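One structure below.
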Amino acid sequence: MNNILENTTMNNVMTDCRKYSKNKYYMNQNYYSKNGHLLLIIIYTMAMIFESHGATKETELNNASCPDALTCTKCTIKAQCAWSLEHQTCVDNNHLNLSNLTIYSQEKCPRFSVVTKYKYNNTINHLEYIVKISNDHVNFMKYLIDSNFFCNSTTIDVYSKTVENDEIICSANILTTIFKSHLVQSFTAFIYITFNGTLLRLDNVADHYVTFYEHECAEDKKDENCAACTWNKYGFAHYIRLCSSRNSCEGHNEFYLWHYSNGKSWNSNTRKVMDQCAEINVTSVNPLSGTMAGGTTITITVKNHLIFEENRKVMVTVAGMLCADPRTSGPETITCITTPPPKDTSVAPSGPVLVKYTSHERELIIESSQKFHYYVDITGGASCLVISLYTIMIQFSFFVFYTKMM
């Protein structure tokens with residue numbers, strides 16, 4: 001009798017759960033055969049699924065696409081890939097006709113770094129853009145010197161090149177009238193080097209972007225109250241930099257830039273950052289779950305939040321649902337209140353938190369790596385998942401008891 005009452009109660013609760021989770025199927029005692037064949041089939045099937053999934057993941061890792069890597073160190077971390085210095089691309093190391101300018105391990109990758117030197121006067125700001133090469137095991141610098149290489153930019157004139165020891169020096173001038181005519185305190189240019197028509201890929205994407213200032217700026221003040229992020233994806237290199245009005249060198253400013261392997265670069269009005277950089281990142285979400293009814297207050301920590309919110313509207317979505325009344329609650333924290341999903345939602349939503357900072361010109365979207373999970377709030381605070389697992393355990397216990405009795 002107790003079992004009948006217990007099953008009746010659980011069935012009533014499960015009926016409520018099905019309102020939120022259509023097409024869900026739950027194990028029933030009637031499914032079990034006398035000899036437990038069905039249970040063995042289920043266990044075997046699940047084992048095969050996990051084994052197949054593991055094998056698929058291993059295959060995906062082994063077959064990782066070499067061309068996706070855009071630098072020597074990112075390329076050669078994969079055992080099956082090698083870096084062609086001639087073509088600045090990642091190739092399969094079993095490829096035929098690889099030259100002696102091919103790198104097979106990270107330790108042998110040439111390293112590139114950039115140093116910028118500025119000279120200011122009343123009419124012209126002068127730049128020396130110096131690319132230094134180190135760890136050159138295959139004498140790549142000599143190959144560059146012997147090649148037809150150029151200093152380039154899509155935004156300014158880079159008018160000269162020289163080579164000294166292990167350095168390539170590019171030079172450029174900018175008239176100070178540019179700052180006044182555009183009413184800006186700084187100007188960011190994209191600079192790159194090509195040889196035989198190939199773009200030289202630097203270790204740090206940000207080194208391609210150089211900022212000129214209207215007036216001389218101390219080195220330790222340039223990045224004060226600023227946040228930057230760089231990453232490579234699908235053959236494109238991306239660069240974001242935002243500064244608040246508290247920065248003494250350039251004031252409130254923002255750049256959303258990206259470039260391709262042919263050196264062409266673009267500006268963008270909307271950028272999405274997905275846990276690529278420490279300076280522009282959702283570092284925590286608390287709590288990570290809430291009821292389908294909404295009303296859960298969550299706290300979101302965003303690195304450099306005060307820089308991003310300056311003169312911008314802040315909007316938050318949680319698992320695709322609007323999070324109401326977003327407010328700054330600390331230097332790097334936002335609080336908001338979850339809203340319920342539409343009434344016809346069949347499955348409890350789950351997904352990342354998106355924080356959007358919108359000005360009249362641009363929008364920055366930061367996506368969390370953490371996921372927020374909605375759940376159905378049944379009497380006593382239990383979720384459908386907990387109830388389902390509890391039901392399965394009861395039925396499984398009954399099956400084991402029944403089997404032993406037989």
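Here's how to read the names in the structure tokens: chain A, B, ... by the order shown, residue numbers from 1 in each chain, ligand numbers from 1 in the order shown.
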Residue neighbourhood Asn269 in chain A, 7 Å, only C-alpha atoms, exclusion window fewer than 3 positions, as JSON, numbers by chain: {"A": [256, 361, 362, 363]}
For range 101-111 of chain A: contacts at 7 Å, only C-alpha atoms, fewer than 4 positions along chain excluded, given as a list in words: Cys72, Thr73, Thr76, Ile77, Ala82, Trp83, Ser84, Leu85, Glu86, Ile133, Ser134, Asn135, Asp136, His137, Val138 and Asp203 of chain A
9 Å contact set for Trp231 in chain A, only C-alpha atoms, chain neighbours under 5 positions out, as a PyMOL selection string: chain A and resi 204-206+236-239+276-277
Dump as a compact mmCIF listing (two decimals), in the first residue's frame, selection limited to C-alpha atoms:
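Written output follows (selection-v3.txt):
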```txt
# COMPACT_ATOMS: atom_id res chain seq x y z
CA ASN A 204 51.18 39.22 -30.34
CA VAL A 205 48.29 40.51 -32.47
CA ALA A 206 48.27 43.79 -30.53
CA PHE A 236 41.29 36.82 -38.82
CA ALA A 237 43.19 38.64 -36.08
CA HIS A 238 41.04 40.75 -33.75
CA TYR A 239 41.92 43.71 -31.56
CA GLN A 276 39.39 35.26 -24.89
CA CYS A 277 41.17 37.77 -22.65
```
Using only C-alpha atoms: which of A:Tyr120, A:Phe150, A:Phe179, A:Phe190 has the shortest distance to Glu250 in chain A: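 The shortest atom-to-atom distance to Glu250 in chain A comes from A:Phe179.
Between CA of Asn247 in chain A and CA of Ser153 in chain A the interatomic distance comes to 26.2 Å.
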Range 115-347 of chain A: residues DSSP assigns to alpha helix (DSSP H), reported as number ranges by chain: A: 140-146, 177-182, 305-309
Write the residues of the preceding selection, restricted to N, CA and C atoms, as a compact mmCIF listing (two decimals), in the first residue's frame.
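Once everything was written out, this is again32.txt:
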```
# COMPACT_ATOMS: atom_id res chain seq x y z
N PHE A 140 66.13 32.94 -40.45
CA PHE A 140 64.98 33.51 -41.15
C PHE A 140 65.19 34.99 -41.47
N MET A 141 65.92 35.70 -40.62
CA MET A 141 66.18 37.12 -40.87
C MET A 141 66.92 37.31 -42.20
N LYS A 142 67.88 36.49 -42.48
CA LYS A 142 68.60 36.59 -43.76
C LYS A 142 67.63 36.37 -44.93
N TYR A 143 66.72 35.42 -44.75
CA TYR A 143 65.73 35.16 -45.80
C TYR A 143 64.86 36.41 -46.02
N LEU A 144 64.47 37.08 -44.93
CA LEU A 144 63.67 38.30 -45.06
C LEU A 144 64.44 39.39 -45.79
N ILE A 145 65.68 39.57 -45.41
CA ILE A 145 66.50 40.62 -46.03
C ILE A 145 66.66 40.37 -47.53
N ASP A 146 66.83 39.11 -47.89
CA ASP A 146 67.00 38.77 -49.30
C ASP A 146 65.68 38.80 -50.07
N THR A 177 47.97 68.26 -37.08
CA THR A 177 46.67 68.84 -37.47
C THR A 177 45.58 67.77 -37.56
N ILE A 178 45.97 66.50 -37.76
CA ILE A 178 44.99 65.42 -37.84
C ILE A 178 44.19 65.32 -36.54
N PHE A 179 44.87 65.47 -35.41
CA PHE A 179 44.18 65.36 -34.12
C PHE A 179 43.15 66.47 -33.95
N LYS A 180 43.53 67.68 -34.34
CA LYS A 180 42.62 68.81 -34.18
C LYS A 180 41.44 68.71 -35.14
N SER A 181 41.71 68.29 -36.38
CA SER A 181 40.62 68.22 -37.37
C SER A 181 39.61 67.13 -37.03
N HIS A 182 40.04 66.08 -36.35
CA HIS A 182 39.14 64.99 -35.98
C HIS A 182 38.69 65.07 -34.53
N HIS A 305 34.76 46.59 -15.48
CA HIS A 305 33.39 47.02 -15.73
C HIS A 305 33.24 48.55 -15.77
N LEU A 306 33.90 49.26 -14.88
CA LEU A 306 33.74 50.72 -14.81
C LEU A 306 34.24 51.42 -16.08
N ILE A 307 35.22 50.81 -16.75
CA ILE A 307 35.69 51.37 -18.03
C ILE A 307 34.62 51.21 -19.09
N PHE A 308 34.00 50.04 -19.13
CA PHE A 308 33.03 49.73 -20.20
C PHE A 308 31.71 50.47 -20.03
N GLU A 309 31.29 50.69 -18.79
CA GLU A 309 29.97 51.29 -18.57
C GLU A 309 29.97 52.81 -18.76
```
Nearest to Lys119 in chain A by atom-to-atom distance, counting only C-alpha atoms, from A:His215, A:Lys78, A:Arg246, A:His208: A:His215
Given only C-alpha atoms as the counted atoms, nearest of A:Thr338, A:Leu183, A:Ile130, A:Asp223 to Asn165 in chain A: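 Smallest distance to Asn165 in chain A is found for A:Ile130.
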Counting only C-alpha atoms, the option among A:Lys264, A:His259, A:Lys132, A:Lys117 closest to Thr211 in chain A: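 Smallest separation from Thr211 in chain A among the options: A:Lys117.
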Best match for closeness to Ile378 in chain A among A:Val314, A:Val184, A:Cys81, A:Met292, counting only C-alpha atoms: A:Met292
All strand (DSSP E or B) positions in range 271-338 of chain A, as number ranges by chain: A: 271-273, 282-286, 289-291, 297-302, 313-318, 321-330, 333-338
Point-to-point distance from CA of Ser359 in chain A to CA of Ile191 in chain A, Å rounded to tenths: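 One can read the CA of Ser359 in chain A to CA of Ile191 in chain A distance as 27.7 Å.
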Distance of CA of Tyr375 in chain A from CA of Cys336 in chain A, expressed in Å to one decimal place: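 Value for the CA of Cys336 in chain A-CA of Tyr375 in chain A distance: 18.0 Å.
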7 Å contact set for Ala189 in chain A, only C-alpha atoms, chain neighbours under 2 positions out, as a VMD selection string: chain A and resid 155 to 156 187 191 209 to 211
Of the listed residues A:Ala324, A:Ala218, A:Val131, A:Cys66, that which approaches Arg201 in chain A most closely, counting only C-alpha atoms: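 Using only C-alpha atoms, Arg201 in chain A sits closest to A:Val131.
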Residues near Thr299 in chain A, cut-off 6 Å, only C-alpha atoms, skip fewer than 2 positions along chain, as a list in words: Val285, Asn286, Ile334 and Thr335 of chain A
Could you dump the residues just selected with C-alpha atoms as a PDB file, in the first residue's frame?
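File produced: again-v3.pdb:
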```pdb
ATOM      1  CA  VAL A 285      28.259  34.511 -12.118  1.00  0.00           C
ATOM      2  CA  ASN A 286      26.523  33.830  -8.794  1.00  0.00           C
ATOM      3  CA  ILE A 334      26.539  44.057 -11.715  1.00  0.00           C
ATOM      4  CA  THR A 335      23.349  42.776 -10.092  1.00  0.00           C
TER       5      THR A 335
END
```
